[in-house]
$ cat upload.csv   # CSV, C-alpha atoms
chain,number,residue,atom,x,y,z
A,1,MET,CA,-111.8,95.2,-142.4
A,2,SER,CA,-109.4,96.0,-145.2
A,3,ILE,CA,-107.5,99.3,-145.0
A,4,PHE,CA,-108.7,99.7,-148.6
A,5,SER,CA,-112.1,100.6,-147.4
A,6,ASN,CA,-110.8,103.4,-145.2
A,7,LEU,CA,-108.9,105.3,-147.9
A,8,SER,CA,-110.4,108.3,-149.6
A,9,ALA,CA,-110.3,109.1,-153.3
A,10,GLU,CA,-107.7,111.8,-152.6
A,11,GLN,CA,-105.5,109.3,-150.7
A,12,PHE,CA,-105.6,106.8,-153.5
A,13,GLU,CA,-104.7,109.6,-155.9
A,14,THR,CA,-101.7,110.7,-153.7
A,15,ILE,CA,-100.5,107.1,-153.4
A,16,GLY,CA,-100.7,106.7,-157.1
A,17,GLN,CA,-98.7,109.8,-157.8
A,18,GLU,CA,-96.0,108.8,-155.3
A,19,LEU,CA,-95.6,105.3,-156.8
A,20,ASP,CA,-95.7,106.7,-160.3
A,21,ALA,CA,-92.8,109.0,-159.4
A,22,ILE,CA,-90.7,106.0,-158.4
A,23,ARG,CA,-91.6,104.1,-161.6
A,24,ASN,CA,-91.0,107.1,-163.9
A,25,ARG,CA,-87.6,107.8,-162.3
A,26,GLU,CA,-86.4,104.2,-162.5
A,27,MET,CA,-87.6,103.6,-166.1
A,28,ALA,CA,-86.0,106.8,-167.3
A,29,ASP,CA,-82.7,105.6,-165.8
A,30,LEU,CA,-82.5,102.3,-167.7
A,31,GLY,CA,-79.2,101.7,-169.4
A,32,GLU,CA,-75.9,99.9,-169.5
A,33,GLU,CA,-76.1,98.7,-165.9
A,34,ASP,CA,-79.3,96.8,-166.6
A,35,ALA,CA,-78.0,95.4,-169.9
A,36,THR,CA,-74.8,94.2,-168.3
A,37,TYR,CA,-76.7,92.6,-165.4
A,38,ILE,CA,-79.0,90.5,-167.6
A,39,ARG,CA,-76.2,89.5,-170.1
A,40,THR,CA,-73.9,88.5,-167.3
A,41,LEU,CA,-76.6,86.5,-165.7
A,42,ILE,CA,-77.4,84.7,-168.9
A,43,LYS,CA,-73.7,83.7,-169.3
A,44,ARG,CA,-73.6,82.3,-165.8
A,45,GLN,CA,-76.8,80.4,-166.4
A,46,ARG,CA,-75.4,78.8,-169.5
A,47,ARG,CA,-72.2,77.9,-167.8
A,48,LEU,CA,-74.1,76.2,-165.0
A,49,GLU,CA,-76.1,74.2,-167.5
A,50,ILE,CA,-73.0,73.1,-169.4
A,51,ALA,CA,-71.3,72.1,-166.2
A,52,GLY,CA,-74.4,70.3,-164.9
A,53,ARG,CA,-75.0,68.3,-168.0
A,54,GLY,CA,-71.2,67.4,-168.2
A,55,LEU,CA,-71.1,66.3,-164.7
A,56,LEU,CA,-74.2,64.1,-165.1
A,57,MET,CA,-72.4,62.3,-167.9
A,58,ALA,CA,-70.0,61.1,-165.2
A,59,GLY,CA,-73.0,60.1,-163.1
A,60,PHE,CA,-71.5,56.8,-162.1
A,61,LEU,CA,-69.4,58.8,-159.7
A,62,PRO,CA,-71.8,59.9,-156.9
A,63,PRO,CA,-70.0,63.2,-156.1
A,64,ALA,CA,-70.1,64.1,-159.8
A,65,TRP,CA,-73.8,63.2,-160.1
A,66,LEU,CA,-74.8,65.3,-157.1
A,67,ALA,CA,-72.7,68.2,-158.3
A,68,GLY,CA,-74.3,67.9,-161.8
A,69,VAL,CA,-77.9,67.9,-160.2
A,70,ALA,CA,-77.0,71.0,-158.2
A,71,CYS,CA,-75.6,72.9,-161.2
A,72,LEU,CA,-78.4,71.9,-163.5
A,73,SER,CA,-81.0,72.8,-160.9
A,74,ALA,CA,-79.5,76.2,-160.4
A,75,SER,CA,-79.4,76.7,-164.2
A,76,LYS,CA,-83.0,75.8,-164.6
A,77,ILE,CA,-84.0,78.0,-161.6
A,78,LEU,CA,-82.1,81.0,-163.1
A,79,ASP,CA,-83.5,80.4,-166.6
A,80,ASN,CA,-87.1,80.3,-165.2
A,81,MET,CA,-87.0,82.9,-162.5
A,82,GLU,CA,-84.5,85.7,-163.1
A,83,ILE,CA,-84.3,85.4,-166.8
A,84,GLY,CA,-87.4,83.8,-168.4
A,85,HIS,CA,-90.1,85.3,-166.1
A,86,ASN,CA,-88.6,88.8,-166.2
A,87,VAL,CA,-87.7,88.8,-169.9
A,88,MET,CA,-91.3,87.8,-170.8
A,89,HIS,CA,-92.6,90.7,-168.7
A,90,GLY,CA,-90.8,92.9,-171.2
A,91,GLN,CA,-88.3,94.2,-168.7
A,92,TYR,CA,-85.5,94.2,-171.3
A,93,ASP,CA,-87.4,94.9,-174.5
A,94,TRP,CA,-86.0,98.4,-174.5
A,95,MET,CA,-82.5,96.9,-175.3
A,96,GLY,CA,-83.6,95.9,-178.8
A,97,ASP,CA,-81.9,92.5,-178.4
A,98,PRO,CA,-84.0,89.8,-180.1
A,99,ALA,CA,-82.5,87.1,-177.8
A,100,ILE,CA,-84.2,88.7,-174.8
A,101,ASN,CA,-87.3,90.2,-176.3
A,102,SER,CA,-90.6,89.2,-174.7
A,103,LYS,CA,-92.3,88.6,-178.0
A,104,VAL,CA,-90.1,85.7,-179.0
A,105,PHE,CA,-88.2,84.5,-175.9
A,106,ASP,CA,-88.4,80.8,-175.2
A,107,TRP,CA,-87.5,79.3,-171.9
A,108,ASP,CA,-86.6,75.9,-170.4
A,109,ASN,CA,-90.1,75.2,-169.4
A,110,THR,CA,-93.2,73.3,-170.6
A,111,CYS,CA,-95.4,76.5,-170.7
A,112,THR,CA,-95.5,78.4,-174.0
A,113,ASN,CA,-94.6,82.0,-174.3
A,114,THR,CA,-98.1,82.9,-175.5
A,115,ALA,CA,-100.0,81.0,-172.8
A,116,TRP,CA,-97.7,82.4,-170.1
A,117,LYS,CA,-98.2,86.0,-171.1
A,118,GLN,CA,-102.0,85.5,-171.2
A,119,THR,CA,-102.5,83.8,-167.9
A,120,HIS,CA,-99.7,85.6,-166.0
A,121,ASN,CA,-98.8,88.9,-167.6
A,122,PHE,CA,-102.4,89.9,-168.4
A,123,GLU,CA,-104.8,88.0,-166.2
A,124,HIS,CA,-102.8,87.7,-163.0
A,125,HIS,CA,-101.1,91.1,-163.1
A,126,THR,CA,-104.2,93.0,-164.2
A,127,PHE,CA,-106.6,91.3,-161.9
A,128,THR,CA,-104.3,90.4,-159.0
A,129,ASN,CA,-106.2,88.6,-156.3
A,130,VAL,CA,-109.6,89.4,-157.7
A,131,LEU,CA,-111.8,86.3,-157.2
A,132,ASP,CA,-113.1,84.7,-160.4
A,133,LYS,CA,-110.7,86.9,-162.4
A,134,ASP,CA,-107.2,85.9,-161.2
A,135,HIS,CA,-106.8,82.2,-161.9
A,136,ASP,CA,-103.6,82.2,-159.8
A,137,ILE,CA,-105.8,82.1,-156.7
A,138,GLY,CA,-105.5,78.4,-156.3
A,139,TYR,CA,-104.8,77.6,-160.0
A,140,GLY,CA,-108.2,76.0,-160.3
A,141,ILE,CA,-106.9,73.3,-157.9
A,142,LEU,CA,-106.6,74.7,-154.4
A,143,ARG,CA,-109.0,76.7,-152.2
A,144,MET,CA,-107.0,79.7,-151.2
A,145,SER,CA,-109.7,82.1,-150.2
A,146,GLU,CA,-112.6,81.9,-147.7
A,147,ASP,CA,-114.8,83.4,-150.4
A,148,GLN,CA,-114.3,80.4,-152.6
A,149,GLU,CA,-117.2,78.1,-152.1
A,150,TRP,CA,-116.0,74.9,-150.3
A,151,GLU,CA,-116.2,71.7,-152.2
A,152,PRO,CA,-115.4,68.1,-150.9
A,153,ARG,CA,-112.3,68.0,-153.1
A,154,PHE,CA,-110.7,70.8,-151.1
A,155,LEU,CA,-110.3,68.3,-148.2
A,156,PHE,CA,-107.2,67.3,-150.2
A,157,ASN,CA,-105.9,70.9,-150.3
A,158,PRO,CA,-102.5,70.1,-148.7
A,159,ILE,CA,-102.0,67.0,-150.8
A,160,LEU,CA,-103.0,68.9,-154.0
A,161,ALA,CA,-100.7,71.8,-153.0
A,162,GLY,CA,-97.8,69.3,-152.8
A,163,ILE,CA,-98.6,67.7,-156.1
A,164,LEU,CA,-98.9,71.2,-157.7
A,165,ALA,CA,-95.5,72.1,-156.3
A,166,THR,CA,-93.8,68.9,-157.5
A,167,PHE,CA,-95.1,69.2,-161.0
A,168,PHE,CA,-95.3,73.0,-161.1
A,169,GLN,CA,-94.0,73.5,-164.6
A,170,HIS,CA,-96.6,71.2,-166.0
A,171,PHE,CA,-99.5,72.7,-164.1
A,172,VAL,CA,-98.5,76.1,-165.2
A,173,ALA,CA,-98.3,74.9,-168.8
A,174,ILE,CA,-101.9,73.7,-168.7
A,175,GLN,CA,-103.2,76.5,-166.6
A,176,SER,CA,-104.6,78.4,-169.6
A,177,LEU,CA,-106.8,75.4,-170.4
A,178,LYS,CA,-108.8,75.9,-167.1
A,179,LEU,CA,-109.4,72.2,-166.9
A,180,GLU,CA,-111.7,72.5,-163.9
A,181,ASP,CA,-114.3,74.0,-166.3
A,182,TYR,CA,-114.3,70.7,-168.1
A,183,LEU,CA,-113.6,68.2,-165.4
A,184,ILE,CA,-115.7,69.6,-162.5
A,185,TYR,CA,-118.0,72.4,-163.7
A,186,LYS,CA,-118.8,71.0,-167.1
A,187,THR,CA,-118.8,74.4,-168.8
A,188,LYS,CA,-116.2,73.5,-171.4
A,189,THR,CA,-116.3,70.7,-174.0
A,190,LYS,CA,-113.8,68.0,-174.7
A,191,GLU,CA,-113.3,69.4,-178.2
A,192,GLU,CA,-112.5,72.9,-176.8
A,193,VAL,CA,-109.9,71.4,-174.4
A,194,LYS,CA,-108.3,69.4,-177.3
A,195,ALA,CA,-108.0,72.4,-179.5
A,196,GLU,CA,-106.5,74.6,-176.8
A,197,PHE,CA,-104.1,71.8,-175.7
A,198,LYS,CA,-102.3,71.4,-179.1
A,199,PRO,CA,-99.7,74.2,-178.8
A,200,THR,CA,-99.2,73.3,-175.1
A,201,TRP,CA,-98.5,69.7,-175.9
A,202,LYS,CA,-96.1,70.7,-178.7
A,203,LYS,CA,-94.0,72.6,-176.1
A,204,MET,CA,-94.4,70.0,-173.4
A,205,ARG,CA,-93.3,67.3,-175.8
A,206,LYS,CA,-90.2,69.3,-176.8
A,207,GLN,CA,-89.1,69.6,-173.2
A,208,LEU,CA,-89.8,66.0,-172.3
A,209,VAL,CA,-87.8,64.7,-175.3
A,210,LYS,CA,-84.9,67.0,-174.5
A,211,ASP,CA,-84.6,66.0,-170.8
A,212,TYR,CA,-85.7,62.4,-170.9
A,213,LEU,CA,-84.7,61.1,-174.4
A,214,LEU,CA,-82.1,63.3,-176.1
A,215,PHE,CA,-79.6,64.0,-173.3
A,216,PRO,CA,-79.8,60.5,-171.8
A,217,ALA,CA,-79.2,59.1,-175.3
A,218,LEU,CA,-76.1,61.2,-175.6
A,219,ALA,CA,-74.8,59.7,-172.4
A,220,GLY,CA,-74.8,56.2,-173.8
A,221,PRO,CA,-74.3,53.6,-171.1
A,222,PHE,CA,-74.8,56.4,-168.5
A,223,ALA,CA,-78.2,57.2,-169.7
A,224,PRO,CA,-80.0,56.2,-166.5
A,225,PHE,CA,-77.8,58.6,-164.5
A,226,VAL,CA,-78.6,61.5,-166.8
A,227,PHE,CA,-82.3,60.6,-166.9
A,228,ALA,CA,-82.5,60.6,-163.1
A,229,GLY,CA,-80.4,63.8,-162.9
A,230,ASN,CA,-82.6,65.7,-165.2
A,231,MET,CA,-85.7,64.5,-163.3
A,232,ALA,CA,-84.1,65.6,-160.0
A,233,ALA,CA,-83.2,69.0,-161.4
A,234,ASN,CA,-86.7,69.6,-162.7
A,235,VAL,CA,-88.3,68.6,-159.4
A,236,ALA,CA,-85.8,70.9,-157.5
A,237,ARG,CA,-86.7,73.8,-159.8
A,238,ASN,CA,-90.4,73.1,-159.5
A,239,LEU,CA,-90.4,72.9,-155.7
A,240,TRP,CA,-88.3,76.1,-155.3
A,241,SER,CA,-90.2,78.2,-157.9
A,242,SER,CA,-93.6,77.1,-156.5
A,243,GLN,CA,-92.7,78.0,-153.0
A,244,VAL,CA,-91.4,81.4,-154.1
A,245,ILE,CA,-94.7,82.0,-155.8
A,246,TYR,CA,-96.7,80.7,-152.8
A,247,ASN,CA,-94.8,83.0,-150.5
A,248,GLY,CA,-95.5,86.0,-152.6
A,249,HIS,CA,-99.3,85.4,-152.9
A,250,PHE,CA,-100.7,83.1,-150.2
A,251,PRO,CA,-99.5,84.1,-146.7
A,252,GLU,CA,-102.5,84.6,-144.4
A,253,GLU,CA,-102.3,88.4,-144.3
A,254,VAL,CA,-102.5,88.7,-148.1
A,255,GLU,CA,-106.0,89.8,-149.2
A,256,GLN,CA,-108.3,88.8,-152.0
A,257,PHE,CA,-110.9,91.1,-153.5
A,258,PRO,CA,-114.4,91.0,-155.0
A,259,GLU,CA,-114.8,91.6,-158.7
A,260,SER,CA,-116.6,94.9,-158.0
A,261,VAL,CA,-113.3,96.4,-156.9
A,262,ILE,CA,-112.1,96.7,-160.5
A,263,GLU,CA,-115.1,98.6,-161.8
A,264,ASN,CA,-113.7,102.0,-162.9
A,265,GLU,CA,-110.6,101.3,-160.9
A,266,THR,CA,-108.1,104.2,-160.7
A,267,ARG,CA,-104.4,103.9,-161.0
A,268,GLY,CA,-104.0,104.6,-157.3
A,269,GLN,CA,-106.6,102.0,-156.4
A,270,TRP,CA,-104.8,99.5,-158.6
A,271,TYR,CA,-101.6,100.2,-156.8
A,272,VAL,CA,-103.1,99.7,-153.4
A,273,ARG,CA,-104.7,96.4,-154.5
A,274,GLN,CA,-101.2,95.2,-155.5
A,275,LEU,CA,-99.8,96.2,-152.1
A,276,LEU,CA,-102.5,94.4,-150.2
A,277,GLY,CA,-102.4,91.4,-152.5
A,278,SER,CA,-98.7,90.6,-152.3
A,279,ALA,CA,-96.0,89.6,-149.8
A,280,ASN,CA,-92.2,89.8,-149.7
A,281,PHE,CA,-89.6,87.5,-148.0
A,282,GLU,CA,-86.2,88.5,-146.8
A,283,GLY,CA,-82.8,86.9,-147.5
A,284,SER,CA,-79.4,87.2,-149.0
A,285,ARG,CA,-78.6,88.7,-152.4
A,286,LEU,CA,-78.2,85.1,-153.7
A,287,MET,CA,-81.7,84.2,-152.5
A,288,HIS,CA,-83.1,87.3,-154.3
A,289,VAL,CA,-81.4,86.4,-157.5
A,290,MET,CA,-82.4,82.7,-157.3
A,291,SER,CA,-86.0,83.8,-156.7
A,292,GLY,CA,-86.0,86.1,-159.7
A,293,ASN,CA,-86.2,88.9,-157.2
A,294,LEU,CA,-89.8,87.8,-156.6
A,295,SER,CA,-88.7,87.9,-153.0
A,296,PHE,CA,-89.8,91.5,-153.7
A,297,GLN,CA,-93.2,90.4,-154.9
A,298,ILE,CA,-94.8,93.7,-153.7
A,299,GLU,CA,-92.5,95.7,-155.9
A,300,HIS,CA,-92.9,93.3,-158.7
A,301,HIS,CA,-96.7,93.6,-158.7
A,302,LEU,CA,-96.4,97.4,-158.6
A,303,PHE,CA,-93.9,97.6,-161.4
A,304,PRO,CA,-93.9,94.3,-163.4
A,305,ASP,CA,-92.0,95.7,-166.4
A,306,MET,CA,-89.2,97.2,-164.4
A,307,PRO,CA,-85.9,95.2,-164.4
A,308,ALA,CA,-86.3,93.1,-161.3
A,309,HIS,CA,-82.8,93.6,-160.0
A,310,ARG,CA,-83.9,97.2,-159.2
A,311,TYR,CA,-86.6,96.1,-156.7
A,312,ALA,CA,-84.1,95.9,-153.8
A,313,ARG,CA,-83.1,99.6,-154.2
A,314,ILE,CA,-86.7,100.9,-154.4
A,315,ALA,CA,-88.2,98.6,-151.7
A,316,PRO,CA,-87.3,101.0,-148.8
A,317,GLU,CA,-89.2,103.8,-150.6
A,318,VAL,CA,-92.2,101.6,-151.2
A,319,ARG,CA,-92.2,100.6,-147.6
A,320,ALA,CA,-92.0,104.3,-146.5
A,321,ILE,CA,-95.0,105.1,-148.6
A,322,CYS,CA,-96.9,102.3,-147.0
A,323,GLU,CA,-96.0,103.5,-143.5
A,324,LYS,CA,-96.9,107.1,-144.4
A,325,HIS,CA,-100.4,106.1,-145.5
A,326,GLY,CA,-101.0,103.4,-142.9
A,327,LEU,CA,-100.8,100.5,-145.4
A,328,PRO,CA,-99.3,97.1,-144.4
A,329,TYR,CA,-96.0,96.0,-146.0
A,330,ASN,CA,-96.1,92.3,-145.6
A,331,THR,CA,-92.6,90.9,-145.3
A,332,GLY,CA,-90.8,88.3,-143.2
A,333,SER,CA,-88.3,85.5,-143.5
A,334,PHE,CA,-88.7,82.8,-146.1
A,335,MET,CA,-89.6,80.3,-143.4
A,336,ARG,CA,-92.1,82.6,-141.8
A,337,GLN,CA,-93.9,83.2,-145.0
A,338,SER,CA,-93.8,79.5,-145.9
A,339,LEU,CA,-95.3,78.5,-142.6
A,340,SER,CA,-98.0,81.1,-143.0
A,341,VAL,CA,-98.8,79.8,-146.5
A,342,TRP,CA,-99.1,76.2,-145.5
A,343,LYS,CA,-101.2,77.1,-142.4
A,344,ARG,CA,-103.6,78.8,-144.8
A,345,ILE,CA,-103.6,75.8,-147.1
A,346,PHE,CA,-104.5,73.5,-144.2
A,347,LYS,CA,-107.2,75.8,-142.8
A,348,LEU,CA,-109.0,76.3,-146.1
A,349,SER,CA,-109.2,72.6,-146.7
A,350,LEU,CA,-112.0,72.5,-144.2
A,351,PRO,CA,-115.5,73.8,-144.8
A,352,GLY,CA,-116.9,76.9,-143.1
A,353,LYS,CA,-115.3,80.1,-142.2
A,354,THR,CA,-112.3,80.9,-140.0
A,355,GLU,CA,-111.1,84.1,-138.4
A,356,GLY,CA,-111.2,85.9,-141.8
A,357,ASP,CA,-114.9,85.2,-142.4
A,358,SER,CA,-115.8,87.5,-145.2
A,359,LYS,CA,-119.0,88.7,-143.5
A,360,LYS,CA,-116.9,90.5,-140.9
A,361,GLY,CA,-113.6,90.6,-142.8
A,362,PRO,CA,-111.9,92.6,-145.6
A,363,LEU,CA,-114.2,91.8,-148.5
A,364,ASN,CA,-117.3,93.0,-146.8
A,365,GLY,CA,-115.9,96.4,-146.0
A,366,LEU,CA,-114.4,96.6,-149.5
A,367,ARG,CA,-117.8,95.8,-151.2
A,368,ALA,CA,-119.4,98.7,-149.2
A,369,LYS,CA,-116.6,101.1,-150.1
A,370,VAL,CA,-116.2,100.3,-153.7
A,371,VAL,CA,-119.5,101.7,-154.8
A,372,SER,CA,-119.0,105.0,-153.1
A,373,LEU,CA,-115.6,106.0,-154.6
A,374,THR,CA,-115.3,108.3,-157.6
A,375,ARG,CA,-112.9,106.7,-160.1
A,376,GLU,CA,-111.3,107.3,-163.4
A,377,PRO,CA,-112.0,104.8,-166.3
A,378,GLN,CA,-110.3,101.5,-165.7
A,379,SER,CA,-108.8,101.2,-169.2
A,380,GLU,CA,-106.9,104.5,-169.0
A,381,ASN,CA,-105.2,103.7,-165.7
A,382,ARG,CA,-103.8,100.3,-166.6
A,383,LYS,CA,-101.8,101.4,-169.6
A,384,ALA,CA,-98.6,101.8,-167.7
A,385,ALA,CA,-99.1,98.6,-165.7

$ encode --input "upload.csv" --output "structure tokens"
Amino acid sequence: MSIFSNLSAEQFETIGQELDAIRNREMADLGEEDATYIRTLIKRQRRLEIAGRGLLMAGFLPPAWLAGVACLSASKILDNMEIGHNVMHGQYDWMGDPAINSKVFDWDNTCTNTAWKQTHNFEHHTFTNVLDKDHDIGYGILRMSEDQEWEPRFLFNPILAGILATFFQHFVAIQSLKLEDYLIYKTKTKEEVKAEFKPTWKKMRKQLVKDYLLFPALAGPFAPFVFAGNMAANVARNLWSSQVIYNGHFPEEVEQFPESVIENETRGQWYVRQLLGSANFEGSRLMHVMSGNLSFQIEHHLFPDMPAHRYARIAPEVRAICEKHGLPYNTGSFMRQSLSVWKRIFKLSLPGKTEGDSKKGPLNGLRAKVVSLTREPQSENRKAA
């Protein structure tokens, strides 16, 4: 049974106040350190991209080609994870710099700024791990919860998870279309899909032309080496970023919730849902930077608009609050979390229930508890989220 169902309204309130205190302190302290951090990172990302593309031009020399792929992969990862993802959360809007303002920022990715902020910033971060509200639970492709009704297509869960990871940027780009509603459930028309796809295709086309036509053309006779290098860098970025996301959301201990939990949800209850619906992984400072500090997924779900480089310093405080209130703090090595994720993917490819059967697991206790708690209005408590 989820610890959520054992907490009183007073405990939720206390947890909310303690976490709000951390947020308020850190957000009041924003300044030159944060500005220097993001500007320095952007400079390094751009240098890596220039170096990578330059080395790919000399791709007929195997060492240069491999070095070019490595530099371009690192550049794309930084651009997506530590820069793009965090900038579009509004983490640096306070600086007043139009180059890193969430409203206009564009990244090296096939997903549009508008679609990303709708599916990720709003839907995912508001309804984190709420079944039928958070589309990130399986992206409409995978079965990632035992409370998702099993369908024969889920027998291919592991294969689909691999395809999703390999082409991650493209699946994220079309996530807002919710194609399963058209292809499987027949609740969306072809005309609706076409209309929604237009801005997405415009962005996808721009990225495809840049990586697979423009830069190869500039390489002249070495175009095939540049084409292959760009493809390799994109795949490397997709595999890394997808596994980072998987590790933060899908380990076996991470919980999902029924839709009833968000009815009149208080700020404290929202916080606890983020804690129970997230997982961290441990590693070096370089790993944290290359993951966009989403290695601290718990802290990110608690404070999505806080500059992500601050998560490492507040993590011990968040963990202490969890220990104080008997809440789990799900963390482990990158490999441990990865193995847990893929174990879950394989288990949920099969019909029926496993050890987490919802009739005796967290969702059942949660449903019973939700209706008994006195809560503040939901809209008022999400404003700072």

$ closest_residue --input "upload.csv" --among "A:Phe4, A:Tyr329, A:Phe250, A:Trp94" --to "A:Leu142" --atoms "all atoms listed in the file"
A:Phe250

$ residues_around --input "upload.csv" --residues "stretch 309-312 of chain A" --least-positions-apart "3" --cutoff "8 Å" --atoms "all atoms listed in the file" --output "list of chain:residue names"
A:Val289, A:Asn293, A:Phe296, A:Glu299, A:His300, A:Met306, A:Ala315, A:Pro316

$ residues_around --input "upload.csv" --residues "A:Ile184" --least-positions-apart "2" --cutoff "12 Å" --atoms "only C-alpha atoms" --output "list of chain:residue names"
A:Gly140, A:Ile141, A:Glu151, A:Pro152, A:Arg153, A:Lys178, A:Leu179, A:Glu180, A:Asp181, A:Tyr182, A:Lys186, A:Thr187, A:Lys188, A:Thr189

$ write_last_selection --input "upload.csv" --atoms "C-alpha atoms" --output "PDB file, keeping the file's coordinate frame"
ATOM      1  CA  GLY A 140    -108.200  76.000-160.300  1.00  0.00           C
ATOM      2  CA  ILE A 141    -106.900  73.300-157.900  1.00  0.00           C
ATOM      3  CA  GLU A 151    -116.200  71.700-152.200  1.00  0.00           C
ATOM      4  CA  PRO A 152    -115.400  68.100-150.900  1.00  0.00           C
ATOM      5  CA  ARG A 153    -112.300  68.000-153.100  1.00  0.00           C
ATOM      6  CA  LYS A 178    -108.800  75.900-167.100  1.00  0.00           C
ATOM      7  CA  LEU A 179    -109.400  72.200-166.900  1.00  0.00           C
ATOM      8  CA  GLU A 180    -111.700  72.500-163.900  1.00  0.00           C
ATOM      9  CA  ASP A 181    -114.300  74.000-166.300  1.00  0.00           C
ATOM     10  CA  TYR A 182    -114.300  70.700-168.100  1.00  0.00           C
ATOM     11  CA  LYS A 186    -118.800  71.000-167.100  1.00  0.00           C
ATOM     12  CA  THR A 187    -118.800  74.400-168.800  1.00  0.00           C
ATOM     13  CA  LYS A 188    -116.200  73.500-171.400  1.00  0.00           C
ATOM     14  CA  THR A 189    -116.300  70.700-174.000  1.00  0.00           C
TER      15      THR A 189
END

$ closest_residue --input "upload.csv" --among "A:Phe227, A:Phe168, A:Phe12, A:Phe154" --to "A:Arg53" --atoms "all atoms listed in the file"
A:Phe227

$ closest_residue --input "upload.csv" --among "A:Leu131, A:Trp270, A:Gly162, A:Leu30" --to "A:Glu149" --atoms "only C-alpha atoms"
A:Leu131

$ closest_residue --input "upload.csv" --among "A:Gln91, A:Ser260, A:Gln45, A:Thr200" --to "A:His170" --atoms "only C-alpha atoms"
A:Thr200

$ closest_residue --input "upload.csv" --among "A:Asn234, A:Ser338, A:Asn6, A:Ser278" --to "A:Leu72" --atoms "all atoms listed in the file"
A:Asn234

$ closest_residue --input "upload.csv" --among "A:Gly248, A:Pro258, A:Gly138, A:Gly90" --to "A:Ser291" --atoms "only C-alpha atoms"
A:Gly248

$ residues_near_point --input "upload.csv" --point "(-75.3, 60.3, -161.4)" --cutoff "9 Å" --atoms "all atoms listed in the file" --output "list in words"
Leu55, Leu56, Met57, Ala58, Gly59, Phe60, Leu61, Pro62, Pro63, Ala64, Trp65, Leu66, Ala67, Gly68, Val69, Phe222, Pro224, Phe225, Val226, Phe227, Ala228 and Gly229 of chain A

$ atom_distance --input "upload.csv" --atom1 "atom CA of A:Glu196" --atom2 "atom CA of A:Leu177"
6.5 Å

$ atom_distance --input "upload.csv" --atom1 "atom CA of A:Thr36" --atom2 "atom CA of A:Leu302"
23.9 Å

$ residues_around --input "upload.csv" --residues "A:Phe303" --least-positions-apart "3" --cutoff "10 Å" --atoms "only C-alpha atoms" --output "list in words"
Leu19, Asp20, Ile22, Arg23, Met27, Gln91, His125, Tyr271, Gln274, Gln297, Ile298, Glu299, His300, Met306, Pro307, Ala308, Tyr311, Ala384 and Ala385 of chain A

$ atom_distance --input "upload.csv" --atom1 "atom CA of A:Glu282" --atom2 "atom CA of A:Ser295"
6.7 Å

$ residues_around --input "upload.csv" --residues "A:Arg46" --least-positions-apart "3" --cutoff "10 Å" --atoms "only C-alpha atoms" --output "PyMOL selection string"
chain A and resi 41-43+49-52+72+75-76+78-79

$ residues_near_point --input "upload.csv" --point "(-100.6, 104.7, -157.4)" --cutoff "6 Å" --atoms "all atoms listed in the file" --output "list in words"
Ile15, Gly16, Gln17, Leu19, Arg267, Gly268 and Tyr271 of chain A

$ decode --input "upload.csv" --residues "stretch 243-263 of chain A" --atoms "C-alpha atoms" --output "PDB file, in the first residue's frame"
ATOM      1  CA  GLN A 243      17.357   6.276 -20.766  1.00  0.00           C
ATOM      2  CA  VAL A 244      17.745   9.303 -18.506  1.00  0.00           C
ATOM      3  CA  ILE A 245      13.991   9.874 -18.786  1.00  0.00           C
ATOM      4  CA  TYR A 246      13.205   6.180 -18.290  1.00  0.00           C
ATOM      5  CA  ASN A 247      15.387   6.068 -15.157  1.00  0.00           C
ATOM      6  CA  GLY A 248      13.633   9.064 -13.635  1.00  0.00           C
ATOM      7  CA  HIS A 249      10.099   7.771 -14.206  1.00  0.00           C
ATOM      8  CA  PHE A 250       9.883   4.014 -14.714  1.00  0.00           C
ATOM      9  CA  PRO A 251      11.885   2.072 -12.064  1.00  0.00           C
ATOM     10  CA  GLU A 252       9.742  -0.559 -10.373  1.00  0.00           C
ATOM     11  CA  GLU A 253       9.330   1.346  -7.098  1.00  0.00           C
ATOM     12  CA  VAL A 254       7.994   4.475  -8.808  1.00  0.00           C
ATOM     13  CA  GLU A 255       4.234   4.784  -8.289  1.00  0.00           C
ATOM     14  CA  GLN A 256       1.342   5.742 -10.535  1.00  0.00           C
ATOM     15  CA  PHE A 257      -1.894   7.241  -9.272  1.00  0.00           C
ATOM     16  CA  PRO A 258      -5.637   7.168 -10.064  1.00  0.00           C
ATOM     17  CA  GLU A 259      -7.237  10.308 -11.438  1.00  0.00           C
ATOM     18  CA  SER A 260      -9.185  10.766  -8.203  1.00  0.00           C
ATOM     19  CA  VAL A 261      -5.990  11.780  -6.403  1.00  0.00           C
ATOM     20  CA  ILE A 262      -5.910  15.190  -8.087  1.00  0.00           C
ATOM     21  CA  GLU A 263      -9.407  16.188  -6.991  1.00  0.00           C
TER      22      GLU A 263
END
